[in-house]
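Everything below concerns the one structure shown next.
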Amino acid sequence: MKAKLSVNKNNIIDKIDRRIYGSFIEHLGRAVYEGIYEPTNENSDDMGFRRDVIELTRELNVPVVRYPGGNFVSGYNWEDGIGPKSERPRKLDLAWLSVETNEVGIDEFQEWAKRAGTDVMMAVNLGTRGPDEARSLIEYCNSTTDTYYANLRRKHGFDKPFGIKLWCLGNEMDGDWQICHKTAEEYGRTATETAKVLKWVDPSIELVACGSSDAGMPTFGSWERTVLDHTYDYVDYLSLHCYFGNREGDTANFLARVEQMDKFIKTTADICDEVKAKKNSQKTVNLSFDEWNVWYRTKDEEKTAERWQTAPHLLEEKYNFEDALLVGGMLMSLQNNCDRVKIGCIAQLVNVIAPIMTEKNGDAWKQTIFYPYMYASLYGNGETLKASLEGGSYKSKEGWDVPYLYSSVVNNEERGEVIVFALNRSLFDDMELDVSLNGFEGYALSKHIELYSDDLNTQNDKDNENISPIEREIESGEKITLKKHSWNMLVYKK
């Protein structure tokens with residue numbers, strides 16, 4: 001099989017916002033407790049944070065982490081997670097039918113973020129709570145004033161404000177699984193008033209309003225229009241959430257889901273622009289794809305698990321090689337849509353549908369999806385170029401034409417590199433790839449990183465890293481072969 005990829009240096013989609021490589025930590029299962037925080041582990045630091053998880057987070061070069069939820073946030077009282085730990089209450093978490101000890105709250109998490117080299121994307125509770133609690137929280141986190149909540153932060157040992165600049169106005173508020181879920185009108189009004197008070201306290205922040213929980217919601221589209229009709233003047237981003245699975249065992253159709261993600265992004269951006277035109281606004285609301293991943297094997301586990309456990313094993317998806325292929329493609333979709341998607345959060349970071357797994361009182365290890373995420377974050381920085389692709393295609397179950405080659409191309413002018421991320425979706429044939437870089441005289445292929453397994457079901461575990469990248473030798477004449485069902489990164493250097 002043959003394919004051709006062509007780009008022109010001047011055909012730029014946009015500059016990538018590094019925040020598209022963000023992640024997510026929710027008080028869910030073992031994401032926090034035994035994930036980032038385990039005081040009894042011999043590898044933990046002075047605050048009980050696992051050093052190995054911090055190191056792996058740094059290896060991924062994660063720019064921002066959304067916290068503390070997720071469904072959890074819609075029943076969360078942020079005051080439970082501040083001050084002396086001995087005085088913090090143990091409470092029922094109705095989102096995941098667990099017990100929350102509150103050993104970790106914003107006091108600890110903002111410190112973990114600093115140690116992990118990342119920023120916090122803070123979510124506020126617009127389920128059981130509203131604007132009043134949100135204005136108190138942002139005063140606690142960001143204010144320098146001589147006032148109650150800023151002084152309470154100082155009393156707890158934090159003289160300098162946390163300086164959190166990115167805030168989510170609730171989570172998935174259209175879902176009936178959400179605590180105190182709302183109609184679009186109800187949420188739009190609450191989100192607007194919350195946005196106003198948050199920006200009155202700190203005008204420098206950016207705000208994300210909730211879009212539909214996913215594109216399959218019956219209200220998708222009408223929800224976005226109503227919510228933006230209320231919030232457009234006050235928010236900066238609208239959220240998108242998307243999870244894919246392969247319950248049918250149809251890998252070809254599974255890998256075609258990247259096309260569905262592209263369509264979801266473009267449709268949502270069009271709705272934002274429709275409201276912009278309706279309001280005759282000069283402002284553009286961009287997108288925050290702040291939950292995305294492969295997730296299907298462990299869905300609804302909380303409904304059958306023993307209730308009211310602390311840090312139960314929930315949603316611990318064990319990823320295989322085909323999952324890594326789709327995750328690699330989804331990252332390319334974020335890059336190719338960087339003109340509208342400015343924030344992205346792979347859900348989640350540790351243990352819960354995550355690239356990093358931990359053993360209690362043991363080691364941390366990398367799932368198969370770790371590597372395409374890592375390489376995208378490390379190398380996918382600069383301007384995305386619009387690529388022209390030629391080659392074969394196949395039909396998805398929905399009847400879409402799905403090119404065997406899916407790709408993104410990033411020009412990193414600062415490093416003198418052009419990065420080609422390429423996914424061969426053919427399950428049977430290797431692909432001979434011809435790459436044409438117009439306007440990049442003097443650039444040559446210097447590196448070919450390949451992620452491949454003959455067995456699509458191969459997994460990593462705590463003892464065996466069966467899926468890891470290799471660096472292929474550059475053949476004479478820069479001939480490029482992409483193996484069947486493989487993820488690849490090609491680096492062209494000046």
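Naming scheme: A, B, ... for chains in displayed order of the structure tokens; residues 1 onward per chain; ligands 1 onward as shown.
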
At a cut-off of 6 Å, using only C-alpha atoms, what residues contact stretch 423-429 of chain A? Leave out same-chain residues fewer than 6 positions from it and give the result as a list in words.
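So the residues in contact are Tyr404, Leu405, Tyr406, Lys484, His485, Ser486 and Trp487 of chain A.
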
Can you list, as a PyMOL selection string, all residues belonging to stretch 138-319 of chain A that DSSP tags as helix (DSSP H, G or I)?
chain A and resi 138-142+148-155+184-201+222-231+251-255+257-278+301-303

One number please: atom CA of A:Asn412 to atom CA of A:Gly328, in Å, one decimal.
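About the pair atom CA of A:Asn412 and atom CA of A:Gly328: they are 19.1 Å apart.
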
Would you mind listing what lies within 8 Å of A:Ser446 as a PyMOL selection string, with only C-alpha atoms counted and same-chain residues fewer than 5 positions away left out?
chain A and resi 474+490-493

Using N, CA, C and O atoms, can you export the residues from the last selection as a PDB file, in the first residue's frame?
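For reference, result-v1.pdb as written:
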```pdb
ATOM      1  N   ILE A 474      17.004   4.874   9.873  1.00  0.00           N
ATOM      2  CA  ILE A 474      16.599   5.621   8.687  1.00  0.00           C
ATOM      3  C   ILE A 474      17.202   4.935   7.468  1.00  0.00           C
ATOM      4  O   ILE A 474      18.428   4.776   7.374  1.00  0.00           O
ATOM      5  N   LEU A 490       7.656  10.859  12.918  1.00  0.00           N
ATOM      6  CA  LEU A 490       8.781  11.143  12.045  1.00  0.00           C
ATOM      7  C   LEU A 490       9.285  12.548  12.348  1.00  0.00           C
ATOM      8  O   LEU A 490       8.501  13.502  12.348  1.00  0.00           O
ATOM      9  N   VAL A 491      10.578  12.670  12.605  1.00  0.00           N
ATOM     10  CA  VAL A 491      11.171  13.972  12.908  1.00  0.00           C
ATOM     11  C   VAL A 491      12.089  14.376  11.764  1.00  0.00           C
ATOM     12  O   VAL A 491      13.063  13.677  11.460  1.00  0.00           O
ATOM     13  N   TYR A 492      11.750  15.513  11.129  1.00  0.00           N
ATOM     14  CA  TYR A 492      12.589  16.079  10.078  1.00  0.00           C
ATOM     15  C   TYR A 492      13.323  17.257  10.676  1.00  0.00           C
ATOM     16  O   TYR A 492      12.701  18.167  11.239  1.00  0.00           O
ATOM     17  N   LYS A 493      14.649  17.257  10.535  1.00  0.00           N
ATOM     18  CA  LYS A 493      15.451  18.284  11.194  1.00  0.00           C
ATOM     19  C   LYS A 493      16.179  19.126  10.162  1.00  0.00           C
ATOM     20  O   LYS A 493      16.616  18.627   9.127  1.00  0.00           O
TER      21      LYS A 493
END
```

Identify, on the basis of only C-alpha atoms, every residue whose closest approach to stretch 415-419 of chain A does not exceed 12 Å; exclude the query and any residue fewer than 2 positions from it along the same chain; express the result as a PyMOL selection string.
chain A and resi 7-9+332+335+375-385+387+407-413+421-422+435-449+488-494

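Contact shell of A:Ile36 at 10 Å (only C-alpha atoms; same-chain neighbours under 5 positions omitted): A:Ile25, A:Arg30, A:Ala31, A:Ser44, A:Gly48, A:Phe49, A:Arg50, A:Arg51, A:Asp52, A:Val53, A:Ile54, A:Thr57, A:Val104, A:Phe109, A:Trp112, A:Leu349, A:Val350, A:Asn351, A:Thr358.
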
C-alpha atoms of the current selection, written as an mmCIF file, in the first residue's frame:
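Final output, selection-v9.cif:
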```cif
data_model
loop_
_atom_site.group_PDB
_atom_site.id
_atom_site.type_symbol
_atom_site.label_atom_id
_atom_site.label_comp_id
_atom_site.auth_asym_id
_atom_site.auth_seq_id
_atom_site.Cartn_x
_atom_site.Cartn_y
_atom_site.Cartn_z
ATOM 1 C CA ILE A 25 -7.321 14.023 38.517
ATOM 2 C CA ARG A 30 -7.454 5.344 43.394
ATOM 3 C CA ALA A 31 -6.673 8.462 41.376
ATOM 4 C CA SER A 44 6.662 9.124 48.916
ATOM 5 C CA GLY A 48 2.936 11.920 51.151
ATOM 6 C CA PHE A 49 3.096 12.390 47.370
ATOM 7 C CA ARG A 50 4.453 9.469 45.365
ATOM 8 C CA ARG A 51 7.748 10.555 43.808
ATOM 9 C CA ASP A 52 7.478 7.950 41.039
ATOM 10 C CA VAL A 53 4.122 9.358 39.911
ATOM 11 C CA ILE A 54 5.523 12.893 39.978
ATOM 12 C CA THR A 57 3.949 13.160 35.192
ATOM 13 C CA VAL A 104 -6.148 15.805 50.030
ATOM 14 C CA PHE A 109 -3.214 19.522 45.305
ATOM 15 C CA TRP A 112 1.446 18.535 44.185
ATOM 16 C CA LEU A 349 -3.789 10.625 34.871
ATOM 17 C CA VAL A 350 -3.314 7.876 37.460
ATOM 18 C CA ASN A 351 -5.080 4.501 37.992
ATOM 19 C CA THR A 358 0.413 2.230 40.712
#
```

Shell around A:Ile82 at 7 Å using only C-alpha atoms, local window under 4 positions removed, as a PyMOL selection string
chain A and resi 105-107

Give me a file of those residues, with N, CA and C atoms, as a CSV table (one decimal), in the first residue's frame.
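again00.csv was written with the following content:
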```csv
chain,number,residue,atom,x,y,z
A,105,GLY,N,-6.9,18.0,49.6
A,105,GLY,CA,-7.8,19.1,49.1
A,105,GLY,C,-7.0,20.0,48.3
A,106,ILE,N,-7.6,21.2,48.1
A,106,ILE,CA,-6.8,22.2,47.2
A,106,ILE,C,-5.5,22.6,47.9
A,107,ASP,N,-5.4,22.7,49.2
A,107,ASP,CA,-4.2,23.0,49.9
A,107,ASP,C,-3.1,22.1,49.4
```

I'd like the contact shell of A:Ala252 - 12 Å cut-off, only C-alpha atoms, skipping same-chain residues fewer than 3 positions apart - returned as a list of chain:residue names.
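Here the qualifying residues turn out to be A:Asn246, A:Glu248, A:Gly249, A:Leu255, A:Ala256, A:Arg257, A:Val258, A:Glu322, A:Leu325, A:Leu326, A:Ser393, A:Tyr394, A:Lys395, A:Ser396, A:Lys397, A:Glu398, A:Trp400, A:Asp401, A:Val402, A:Pro403, A:Tyr404, A:Asn424, A:Arg425, A:Ser426, A:Leu427, A:Phe428, A:Leu456, A:Lys484, A:His485.
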
From the list A:Gly70, A:Met1, A:Pro161, A:Glu133, which residue is nearest A:Lys483 when using only C-alpha atoms?
A:Met1

Tell me, in Å to one decimal, how far atom CA of A:Lys386 is from atom CA of A:Gly329.
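Distance between the two atoms: 15.8 Å.
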
According to DSSP computed on the backbone, where in stretch 124-251 of chain A is there strand (DSSP E)? Give the residues as a list in words.
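Assigned to strand (DSSP E), within stretch 124-251 of chain A: Val124, Leu166, Trp167, Cys168, Leu169, Glu206, Leu207, Val208, Ala209, Tyr237, Leu238, Ser239, Leu240, His241, Cys242, Tyr243 and Phe244 of chain A.
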
Next, the residues of the selection above should be written as a PDB file, in the first residue's frame with N, CA and C atoms.
```
ATOM      1  N   VAL A 124     -15.517  24.218  39.876  1.00  0.00           N
ATOM      2  CA  VAL A 124     -16.360  24.637  40.989  1.00  0.00           C
ATOM      3  C   VAL A 124     -17.664  23.850  40.963  1.00  0.00           C
ATOM      4  N   LEU A 166      -7.276  28.985  35.483  1.00  0.00           N
ATOM      5  CA  LEU A 166      -8.235  28.320  34.616  1.00  0.00           C
ATOM      6  C   LEU A 166      -9.291  27.636  35.472  1.00  0.00           C
ATOM      7  N   TRP A 167     -10.574  27.982  35.231  1.00  0.00           N
ATOM      8  CA  TRP A 167     -11.668  27.529  36.101  1.00  0.00           C
ATOM      9  C   TRP A 167     -12.810  26.954  35.270  1.00  0.00           C
ATOM     10  N   CYS A 168     -13.336  25.809  35.702  1.00  0.00           N
ATOM     11  CA  CYS A 168     -14.478  25.151  35.062  1.00  0.00           C
ATOM     12  C   CYS A 168     -15.749  25.448  35.840  1.00  0.00           C
ATOM     13  N   LEU A 169     -16.791  25.821  35.124  1.00  0.00           N
ATOM     14  CA  LEU A 169     -18.084  26.131  35.743  1.00  0.00           C
ATOM     15  C   LEU A 169     -18.916  24.855  35.815  1.00  0.00           C
ATOM     16  N   GLU A 206      -9.473  32.601  33.260  1.00  0.00           N
ATOM     17  CA  GLU A 206     -10.233  32.144  32.110  1.00  0.00           C
ATOM     18  C   GLU A 206     -11.269  31.127  32.583  1.00  0.00           C
ATOM     19  N   LEU A 207     -12.434  31.109  31.913  1.00  0.00           N
ATOM     20  CA  LEU A 207     -13.543  30.273  32.365  1.00  0.00           C
ATOM     21  C   LEU A 207     -14.014  29.322  31.270  1.00  0.00           C
ATOM     22  N   VAL A 208     -14.382  28.108  31.705  1.00  0.00           N
ATOM     23  CA  VAL A 208     -14.904  27.074  30.807  1.00  0.00           C
ATOM     24  C   VAL A 208     -16.343  26.767  31.197  1.00  0.00           C
ATOM     25  N   ALA A 209     -17.268  26.935  30.264  1.00  0.00           N
ATOM     26  CA  ALA A 209     -18.666  26.556  30.490  1.00  0.00           C
ATOM     27  C   ALA A 209     -18.880  25.119  30.028  1.00  0.00           C
ATOM     28  N   TYR A 237     -14.249  29.486  27.050  1.00  0.00           N
ATOM     29  CA  TYR A 237     -14.237  28.173  26.405  1.00  0.00           C
ATOM     30  C   TYR A 237     -15.539  27.437  26.698  1.00  0.00           C
ATOM     31  N   LEU A 238     -15.869  26.517  25.794  1.00  0.00           N
ATOM     32  CA  LEU A 238     -16.975  25.587  25.992  1.00  0.00           C
ATOM     33  C   LEU A 238     -16.376  24.182  26.017  1.00  0.00           C
ATOM     34  N   SER A 239     -16.857  23.342  26.936  1.00  0.00           N
ATOM     35  CA  SER A 239     -16.239  22.023  27.108  1.00  0.00           C
ATOM     36  C   SER A 239     -16.845  20.974  26.173  1.00  0.00           C
ATOM     37  N   LEU A 240     -16.028  19.976  25.823  1.00  0.00           N
ATOM     38  CA  LEU A 240     -16.438  18.787  25.107  1.00  0.00           C
ATOM     39  C   LEU A 240     -15.910  17.585  25.877  1.00  0.00           C
ATOM     40  N   HIS A 241     -16.698  16.512  25.944  1.00  0.00           N
ATOM     41  CA  HIS A 241     -16.276  15.253  26.552  1.00  0.00           C
ATOM     42  C   HIS A 241     -16.546  14.123  25.567  1.00  0.00           C
ATOM     43  N   CYS A 242     -15.655  13.144  25.524  1.00  0.00           N
ATOM     44  CA  CYS A 242     -15.811  12.070  24.549  1.00  0.00           C
ATOM     45  C   CYS A 242     -15.000  10.846  24.969  1.00  0.00           C
ATOM     46  N   TYR A 243     -15.664   9.699  25.063  1.00  0.00           N
ATOM     47  CA  TYR A 243     -14.992   8.425  25.314  1.00  0.00           C
ATOM     48  C   TYR A 243     -15.392   7.433  24.228  1.00  0.00           C
ATOM     49  N   PHE A 244     -14.436   6.621  23.794  1.00  0.00           N
ATOM     50  CA  PHE A 244     -14.706   5.613  22.782  1.00  0.00           C
ATOM     51  C   PHE A 244     -14.400   4.221  23.330  1.00  0.00           C
TER      52      PHE A 244
END
```

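Counting only C-alpha atoms, the residue from A:Asn320, A:Thr310, A:Thr190, A:Thr298 that sits nearest to A:Val352 is A:Thr298.
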
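Take the candidates A:Val341, A:Met374, A:Leu97, A:Leu92 and check each one against A:Pro312 using only C-alpha atoms; the shortest distance goes to A:Leu97.
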